[in-house]
$ cat run.txt   # compact mmCIF, C-alpha atoms and all ligand atoms
# COMPACT_ATOMS: atom_id res chain seq x y z
CA MET I 1 43.52 98.25 171.02
CA ARG I 2 44.83 95.38 173.13
CA ILE I 3 44.00 91.72 172.48
CA ASP I 4 44.88 89.01 175.03
CA ILE I 5 44.66 85.49 173.65
CA ILE I 6 44.42 82.55 176.05
CA THR I 7 45.55 79.28 174.49
CA VAL I 8 47.20 75.93 175.16
CA LEU I 9 49.05 76.20 171.83
CA PRO I 10 50.60 79.67 171.52
CA GLU I 11 53.00 78.39 168.84
CA LEU I 12 50.04 77.62 166.57
CA LEU I 13 48.91 81.23 166.77
CA LYS I 14 52.04 83.32 166.50
CA SER I 15 52.95 83.27 162.82
CA PRO I 16 49.92 85.20 161.48
CA PHE I 17 51.01 88.09 163.69
CA GLU I 18 54.60 88.01 162.42
CA ALA I 19 53.88 88.94 158.81
CA SER I 20 52.03 91.36 156.58
CA ILE I 21 49.37 93.80 157.78
CA LEU I 22 49.06 92.35 161.30
CA LYS I 23 52.79 92.73 161.94
CA ARG I 24 52.71 96.28 160.56
CA ALA I 25 49.80 97.15 162.85
CA ILE I 26 51.69 95.75 165.87
CA ASP I 27 54.96 97.48 164.90
CA ALA I 28 53.09 100.78 164.51
CA ASP I 29 51.59 100.34 168.04
CA LEU I 30 48.06 100.40 166.62
CA VAL I 31 47.36 97.10 168.35
CA GLU I 32 49.01 94.98 171.07
CA VAL I 33 48.56 91.21 170.96
CA HIS I 34 49.56 89.13 173.99
CA PHE I 35 49.53 85.34 174.25
CA HIS I 36 48.89 83.53 177.52
CA ASN I 37 49.63 79.84 177.86
CA LEU I 38 46.92 78.25 179.98
CA ARG I 39 49.43 75.73 181.34
CA ASP I 40 51.17 78.61 183.17
CA PHE I 41 48.03 78.91 185.33
CA THR I 42 47.91 75.30 186.52
CA THR I 43 48.87 74.29 190.04
CA ASP I 44 49.87 70.62 189.66
CA ASN I 45 53.18 69.15 188.45
CA TYR I 46 51.57 67.77 185.29
CA LYS I 47 50.19 71.19 184.30
CA THR I 48 46.76 69.65 183.84
CA ILE I 49 44.22 71.78 182.01
CA ASP I 50 41.57 69.17 181.15
CA ASP I 51 39.68 66.31 182.78
CA TYR I 52 36.98 63.69 182.10
CA GLN I 53 33.36 64.74 181.66
CA PHE I 54 31.05 64.32 184.63
CA GLY I 55 28.28 61.92 183.65
CA GLY I 56 30.54 60.06 181.25
CA GLY I 57 31.04 60.53 177.53
CA ALA I 58 33.91 60.77 175.08
CA GLY I 59 36.31 63.69 175.08
CA MET I 60 38.07 65.80 177.66
CA VAL I 61 36.80 69.08 179.08
CA MET I 62 38.91 72.14 179.82
CA MET I 63 38.82 72.84 183.56
CA VAL I 64 37.48 76.04 185.08
CA GLU I 65 40.34 76.79 187.51
CA PRO I 66 43.27 77.58 185.14
CA ILE I 67 40.94 79.65 182.95
CA ASP I 68 39.61 81.53 186.00
CA LYS I 69 43.18 82.23 187.20
CA CYS I 70 44.25 83.55 183.80
CA ILE I 71 41.17 85.70 183.12
CA SER I 72 41.09 87.02 186.71
CA LYS I 73 44.75 88.05 186.53
CA LEU I 74 44.14 89.93 183.27
CA LYS I 75 40.99 91.58 184.65
CA SER I 76 42.91 92.74 187.74
CA GLU I 77 45.27 94.65 185.43
CA ARG I 78 42.72 96.45 183.20
CA ASN I 79 39.08 96.52 182.18
CA TYR I 80 37.95 94.40 179.26
CA ASP I 81 35.13 95.23 176.84
CA GLU I 82 34.58 91.61 175.83
CA VAL I 83 35.72 88.13 176.85
CA ILE I 84 35.25 86.06 173.71
CA TYR I 85 35.15 82.28 173.49
CA MET I 86 35.92 80.69 170.11
CA THR I 87 33.51 77.80 169.63
CA PRO I 88 31.62 76.17 166.74
CA ASP I 89 28.29 76.83 168.48
CA GLY I 90 28.94 80.58 168.80
CA GLU I 91 27.50 83.39 166.68
CA THR I 92 28.89 83.13 163.15
CA LEU I 93 31.59 85.74 162.51
CA SER I 94 30.44 88.49 160.15
CA GLN I 95 31.75 91.83 158.95
CA GLY I 96 29.31 93.44 161.38
CA ILE I 97 30.89 91.66 164.37
CA ALA I 98 34.38 92.59 163.12
CA ASN I 99 33.35 96.25 162.78
CA HIS I 100 31.87 96.23 166.29
CA LEU I 101 34.97 94.67 167.86
CA SER I 102 37.40 96.96 166.01
CA LEU I 103 36.04 99.86 168.13
CA LYS I 104 36.85 98.17 171.47
CA GLU I 105 39.76 99.03 173.73
CA ASN I 106 40.64 95.67 175.34
CA ILE I 107 39.42 92.20 174.52
CA ILE I 108 40.24 88.68 175.70
CA ILE I 109 39.92 85.72 173.33
CA LEU I 110 39.76 82.23 174.83
CA CYS I 111 40.60 79.34 172.49
CA GLY I 112 38.84 76.07 173.25
CA HIS I 113 40.24 72.57 172.81
CA TYR I 114 39.05 68.98 173.16
CA LYS I 115 35.28 68.88 173.76
CA GLY I 116 35.35 72.46 174.95
CA VAL I 117 35.36 74.28 178.29
CA ASP I 118 33.45 73.56 181.50
CA GLN I 119 30.05 75.31 181.13
CA ARG I 120 30.79 77.43 184.24
CA VAL I 121 33.49 79.27 182.27
CA ARG I 122 30.87 80.23 179.69
CA ASP I 123 28.32 81.16 182.36
CA HIS I 124 30.61 83.33 184.47
CA PHE I 125 33.37 84.80 182.30
CA ILE I 126 32.40 84.80 178.64
CA THR I 127 30.54 87.80 177.18
CA LYS I 128 30.52 86.71 173.52
CA GLU I 129 30.87 83.37 171.72
CA ILE I 130 32.08 83.37 168.13
CA SER I 131 32.29 80.65 165.46
CA ILE I 132 34.11 81.16 162.16
CA GLY I 133 31.79 78.79 160.30
CA ASP I 134 29.76 75.60 160.42
CA TYR I 135 32.63 73.13 160.69
CA VAL I 136 34.65 71.89 163.63
CA LEU I 137 38.32 72.84 164.02
CA SER I 138 40.64 70.98 166.36
CA GLY I 139 40.94 74.10 168.50
CA GLY I 140 39.95 77.74 168.65
CA GLU I 141 43.40 79.07 167.65
CA LEU I 142 42.88 79.25 163.90
CA GLY I 143 39.48 80.81 164.51
CA ALA I 144 41.10 83.38 166.82
CA ALA I 145 43.66 84.21 164.10
CA VAL I 146 40.86 84.72 161.56
CA LEU I 147 38.93 86.91 164.01
CA CYS I 148 42.03 89.02 164.83
CA ASP I 149 42.82 89.52 161.14
CA ALA I 150 39.26 90.63 160.35
CA VAL I 151 39.25 93.05 163.32
CA ILE I 152 42.78 94.47 163.20
CA ARG I 153 42.63 95.51 159.53
CA LEU I 154 39.65 97.74 160.44
CA ILE I 155 41.51 99.73 163.12
CA PRO I 156 42.06 103.27 161.77
CA GLY I 157 45.57 103.66 160.38
CA VAL I 158 46.19 99.95 159.84
CA LEU I 159 45.40 99.91 156.13
CA GLY I 160 47.45 102.25 153.98
CA ASN I 161 44.46 103.66 152.20
CA GLU I 162 41.94 104.74 154.85
CA THR I 163 38.97 104.20 152.59
CA SER I 164 40.00 100.77 151.46
CA ALA I 165 38.25 98.78 154.22
CA LEU I 166 35.05 100.71 153.54
CA THR I 167 34.89 99.37 149.97
CA ASP I 168 35.48 95.72 150.96
CA SER I 169 32.92 93.05 150.23
CA PHE I 170 30.20 92.89 152.94
CA GLN I 171 30.76 96.44 154.25
CA ASP I 172 27.40 97.50 152.78
CA ASN I 173 25.92 94.00 152.46
CA LEU I 174 27.21 93.87 148.88
CA LEU I 175 30.06 91.87 147.40
CA ALA I 176 32.87 93.95 145.88
CA PRO I 177 32.67 94.84 142.16
CA PRO I 178 35.31 93.58 139.67
CA ILE I 179 38.69 95.35 139.68
CA TYR I 180 41.35 95.73 136.98
CA THR I 181 44.92 96.96 136.61
CA ARG I 182 47.46 97.24 133.77
CA PRO I 183 47.66 96.23 131.00
CA ARG I 184 44.57 97.74 129.45
CA GLU I 185 44.36 94.77 127.09
CA TYR I 186 45.83 91.28 127.58
CA LYS I 187 45.48 88.50 124.99
CA GLY I 188 42.54 90.44 123.59
CA TRP I 189 40.82 90.56 127.01
CA LYS I 190 39.80 94.18 127.49
CA VAL I 191 39.21 96.25 130.60
CA PRO I 192 35.69 97.83 130.54
CA GLU I 193 35.84 101.20 128.71
CA VAL I 194 33.94 103.08 131.43
CA LEU I 195 36.95 102.83 133.76
CA PHE I 196 38.97 105.08 131.39
CA SER I 197 36.20 107.66 131.01
CA GLY I 198 37.49 109.93 133.79
CA ASN I 199 33.82 110.41 134.69
CA PHE I 200 33.87 109.43 138.36
CA PRO I 201 30.13 109.54 139.06
CA LYS I 202 29.67 107.29 136.04
CA ILE I 203 32.43 104.91 137.26
CA GLU I 204 30.88 104.85 140.72
CA LYS I 205 27.47 104.02 139.22
CA TRP I 206 29.01 101.22 137.11
CA ARG I 207 30.69 99.78 140.21
CA GLU I 208 27.45 99.87 142.18
CA GLU I 209 25.61 98.09 139.38
CA LYS I 210 28.30 95.43 139.09
CA ALA I 211 28.40 94.92 142.87
CA PHE I 212 24.63 94.49 142.91
CA GLU I 213 24.66 92.06 139.96
CA HIS I 214 27.49 90.01 141.49
CA THR I 215 25.70 89.87 144.87
CA LYS I 216 22.43 88.89 143.22
CA ASN I 217 24.13 86.02 141.37
CA ARG I 218 26.31 84.73 144.15
CA ARG I 219 24.82 85.77 147.51
CA PRO I 220 21.15 86.76 147.04
CA ASP I 221 20.67 86.18 150.79
CA LEU I 222 22.70 89.37 151.46
CA LEU I 223 20.14 91.46 149.58
CA ASP I 224 17.34 90.27 151.87
CA GLU I 225 19.04 91.52 155.05
N1 LIG I 301 36.67 75.82 167.56
C1 LIG I 301 36.37 74.68 166.92
N2 LIG I 301 35.66 74.89 165.83
C2 LIG I 301 35.50 76.24 165.72
C3 LIG I 301 34.84 77.10 164.80
N3 LIG I 301 34.19 76.64 163.74
N4 LIG I 301 34.89 78.43 165.04
C4 LIG I 301 35.52 78.92 166.13
N5 LIG I 301 36.15 78.16 167.03
C5 LIG I 301 36.15 76.83 166.83
$ encode --input "run.txt" --output "structure tokens" --more "lines below"
Ligand code: ADE
Amino acid sequence: MRIDIITVLPELLKSPFEASILKRAIDADLVEVHFHNLRDFTTDNYKTIDDYQFGGGAGMVMMVEPIDKCISKLKSERNYDEVIYMTPDGETLSQGIANHLSLKENIIILCGHYKGVDQRVRDHFITKEISIGDYVLSGGELGAAVLCDAVIRLIPGVLGNETSALTDSFQDNLLAPPIYTRPREYKGWKVPEVLFSGNFPKIEKWREEKAFEHTKNRRPDLLDE
């Protein structure tokens, strides 16, 4: 998979890709992540990427031309499955969207800033708009990092244990059941006996019950879907 991220603040985005699972995925050539600074696609001496809103109103708007130049250059080099715009009024990111995107070959992610981008960018280039939640960030970069993390960990081979992403919370619309490790007893707090039974169907059934109970208590809305 190849991800091209268009941003005015590449330095804000780089560190999540320089550590942990994302770095391992990049080092193992399971994913390529490229950053493109929008200011490199400006034509004036001031490297202007934003301007005042037509019709008046507070806040600057990202201009169509540098974004067009950047996206058009990328599209001339390869085909893209999706051109995603990170914005608080997009579709809320879910495990389903992450699963869907993890199967794609090439995607572009455009990070917004200020008031956002000129509507013509959204009308003519963007194929999907994603929000990471109902709150406003100062730019799309942190949202793009969250999206990339959620997607990249699902690419086959990225996680050490191939089945581990399948048992995550949300994969089957259930939250994950409780998990335990050594010691078997700590300060009198005991690990549930069933986990030592060696009876795997029974353990599986216990986990399903716990996952259901936990979901019912904390996220009953997931059970309605
Ligand atoms: N840009 C600003 N706020 C955002 C959000 N909640 N999700 C994605 N991108 C954003």
$ residues_near_ligand --input "run.txt" --ligand "ligand LIG 301 (chain I)" --cutoff "10 Å" --atoms "all atoms listed in the file" --output "PyMOL selection string"
chain I and resi 85-93+110-116+129-147
$ write_last_selection --input "run.txt" --atoms "C-alpha atoms" --output "PDB file, keeping the file's coordinate frame"
ATOM      1  CA  TYR I  85      35.150  82.280 173.490  1.00  0.00           C
ATOM      2  CA  MET I  86      35.920  80.690 170.110  1.00  0.00           C
ATOM      3  CA  THR I  87      33.510  77.800 169.630  1.00  0.00           C
ATOM      4  CA  PRO I  88      31.620  76.170 166.740  1.00  0.00           C
ATOM      5  CA  ASP I  89      28.290  76.830 168.480  1.00  0.00           C
ATOM      6  CA  GLY I  90      28.940  80.580 168.800  1.00  0.00           C
ATOM      7  CA  GLU I  91      27.500  83.390 166.680  1.00  0.00           C
ATOM      8  CA  THR I  92      28.890  83.130 163.150  1.00  0.00           C
ATOM      9  CA  LEU I  93      31.590  85.740 162.510  1.00  0.00           C
ATOM     10  CA  LEU I 110      39.760  82.230 174.830  1.00  0.00           C
ATOM     11  CA  CYS I 111      40.600  79.340 172.490  1.00  0.00           C
ATOM     12  CA  GLY I 112      38.840  76.070 173.250  1.00  0.00           C
ATOM     13  CA  HIS I 113      40.240  72.570 172.810  1.00  0.00           C
ATOM     14  CA  TYR I 114      39.050  68.980 173.160  1.00  0.00           C
ATOM     15  CA  LYS I 115      35.280  68.880 173.760  1.00  0.00           C
ATOM     16  CA  GLY I 116      35.350  72.460 174.950  1.00  0.00           C
ATOM     17  CA  GLU I 129      30.870  83.370 171.720  1.00  0.00           C
ATOM     18  CA  ILE I 130      32.080  83.370 168.130  1.00  0.00           C
ATOM     19  CA  SER I 131      32.290  80.650 165.460  1.00  0.00           C
ATOM     20  CA  ILE I 132      34.110  81.160 162.160  1.00  0.00           C
ATOM     21  CA  GLY I 133      31.790  78.790 160.300  1.00  0.00           C
ATOM     22  CA  ASP I 134      29.760  75.600 160.420  1.00  0.00           C
ATOM     23  CA  TYR I 135      32.630  73.130 160.690  1.00  0.00           C
ATOM     24  CA  VAL I 136      34.650  71.890 163.630  1.00  0.00           C
ATOM     25  CA  LEU I 137      38.320  72.840 164.020  1.00  0.00           C
ATOM     26  CA  SER I 138      40.640  70.980 166.360  1.00  0.00           C
ATOM     27  CA  GLY I 139      40.940  74.100 168.500  1.00  0.00           C
ATOM     28  CA  GLY I 140      39.950  77.740 168.650  1.00  0.00           C
ATOM     29  CA  GLU I 141      43.400  79.070 167.650  1.00  0.00           C
ATOM     30  CA  LEU I 142      42.880  79.250 163.900  1.00  0.00           C
ATOM     31  CA  GLY I 143      39.480  80.810 164.510  1.00  0.00           C
ATOM     32  CA  ALA I 144      41.100  83.380 166.820  1.00  0.00           C
ATOM     33  CA  ALA I 145      43.660  84.210 164.100  1.00  0.00           C
ATOM     34  CA  VAL I 146      40.860  84.720 161.560  1.00  0.00           C
ATOM     35  CA  LEU I 147      38.930  86.910 164.010  1.00  0.00           C
TER      36      LEU I 147
END
$ residues_near_point --input "run.txt" --point "(47.0, 84.3, 166.3)" --cutoff "12 Å" --atoms "only C-alpha atoms" --output "PyMOL selection string"
chain I and resi 3-7+9-19+22-23+32-36+109-111+140-150+152
$ atom_distance --input "run.txt" --atom1 "CA of Ile179 (chain I)" --atom2 "CA of Val158 (chain I)"
22.0 Å
$ closest_residue --input "run.txt" --among "I:Leu154, I:Asn106, I:Lys205, I:Asp51" --to "Glu77 (chain I)" --atoms "only C-alpha atoms"
I:Asn106
$ atom_distance --input "run.txt" --atom1 "CA of Pro192 (chain I)" --atom2 "CA of Leu166 (chain I)"
23.2 Å
$ atom_distance --input "run.txt" --atom1 "CA of Leu74 (chain I)" --atom2 "CA of Asn99 (chain I)"
24.0 Å
$ residues_around --input "run.txt" --residues "region 43-50 of chain I" --least-positions-apart "4" --cutoff "12 Å" --atoms "all atoms listed in the file" --output "PDB file with C-alpha atoms, in the frame of the given file"
ATOM      1  CA  THR I   7      45.550  79.280 174.490  1.00  0.00           C
ATOM      2  CA  VAL I   8      47.200  75.930 175.160  1.00  0.00           C
ATOM      3  CA  ASN I  37      49.630  79.840 177.860  1.00  0.00           C
ATOM      4  CA  LEU I  38      46.920  78.250 179.980  1.00  0.00           C
ATOM      5  CA  ARG I  39      49.430  75.730 181.340  1.00  0.00           C
ATOM      6  CA  GLY I  59      36.310  63.690 175.080  1.00  0.00           C
ATOM      7  CA  MET I  60      38.070  65.800 177.660  1.00  0.00           C
ATOM      8  CA  VAL I  61      36.800  69.080 179.080  1.00  0.00           C
ATOM      9  CA  MET I  62      38.910  72.140 179.820  1.00  0.00           C
ATOM     10  CA  MET I  63      38.820  72.840 183.560  1.00  0.00           C
ATOM     11  CA  VAL I  64      37.480  76.040 185.080  1.00  0.00           C
ATOM     12  CA  GLU I  65      40.340  76.790 187.510  1.00  0.00           C
ATOM     13  CA  PRO I  66      43.270  77.580 185.140  1.00  0.00           C
ATOM     14  CA  ILE I  67      40.940  79.650 182.950  1.00  0.00           C
ATOM     15  CA  ASP I  68      39.610  81.530 186.000  1.00  0.00           C
ATOM     16  CA  LYS I  69      43.180  82.230 187.200  1.00  0.00           C
ATOM     17  CA  CYS I  70      44.250  83.550 183.800  1.00  0.00           C
ATOM     18  CA  GLY I 112      38.840  76.070 173.250  1.00  0.00           C
ATOM     19  CA  HIS I 113      40.240  72.570 172.810  1.00  0.00           C
ATOM     20  CA  TYR I 114      39.050  68.980 173.160  1.00  0.00           C
ATOM     21  CA  LYS I 115      35.280  68.880 173.760  1.00  0.00           C
ATOM     22  CA  GLY I 116      35.350  72.460 174.950  1.00  0.00           C
ATOM     23  CA  VAL I 117      35.360  74.280 178.290  1.00  0.00           C
ATOM     24  CA  ASP I 118      33.450  73.560 181.500  1.00  0.00           C
TER      25      ASP I 118
END
$ residues_around --input "run.txt" --residues "region 220-223 of chain I" --least-positions-apart "3" --cutoff "8 Å" --atoms "all atoms listed in the file" --output "ChimeraX atom specification"
/I:173-174,215-217
$ residues_around --input "run.txt" --residues "Val83 (chain I)" --least-positions-apart "3" --cutoff "7 Å" --atoms "only C-alpha atoms" --output "list of chain:residue names"
I:Ile107, I:Ile108, I:Ile109, I:Phe125, I:Ile126, I:Thr127, I:Lys128
$ residues_around --input "run.txt" --residues "Lys104 (chain I)" --least-positions-apart "5" --cutoff "10 Å" --atoms "all atoms listed in the file" --output "number ranges by chain"
I: 1-3, 80-82, 99, 151, 155
$ write_last_selection --input "run.txt" --atoms "C-alpha atoms" --output "short mmCIF file (atom, residue, chain, number, x, y, z; two decimals), in the frame of the given file"
data_model
loop_
_atom_site.label_atom_id
_atom_site.label_comp_id
_atom_site.auth_asym_id
_atom_site.auth_seq_id
_atom_site.Cartn_x
_atom_site.Cartn_y
_atom_site.Cartn_z
CA MET I 1 43.52 98.25 171.02
CA ARG I 2 44.83 95.38 173.13
CA ILE I 3 44.00 91.72 172.48
CA TYR I 80 37.95 94.40 179.26
CA ASP I 81 35.13 95.23 176.84
CA GLU I 82 34.58 91.61 175.83
CA ASN I 99 33.35 96.25 162.78
CA VAL I 151 39.25 93.05 163.32
CA ILE I 155 41.51 99.73 163.12
#
$ closest_residue --input "run.txt" --among "I:Lys73, I:Arg153, I:Arg78, I:Arg219" --to "Ile21 (chain I)" --atoms "only C-alpha atoms"
I:Arg153
$ closest_residue --input "run.txt" --among "I:Ala165, I:Ile97, I:Ile84, I:Leu195" --to "Thr181 (chain I)" --atoms "all atoms listed in the file"
I:Leu195
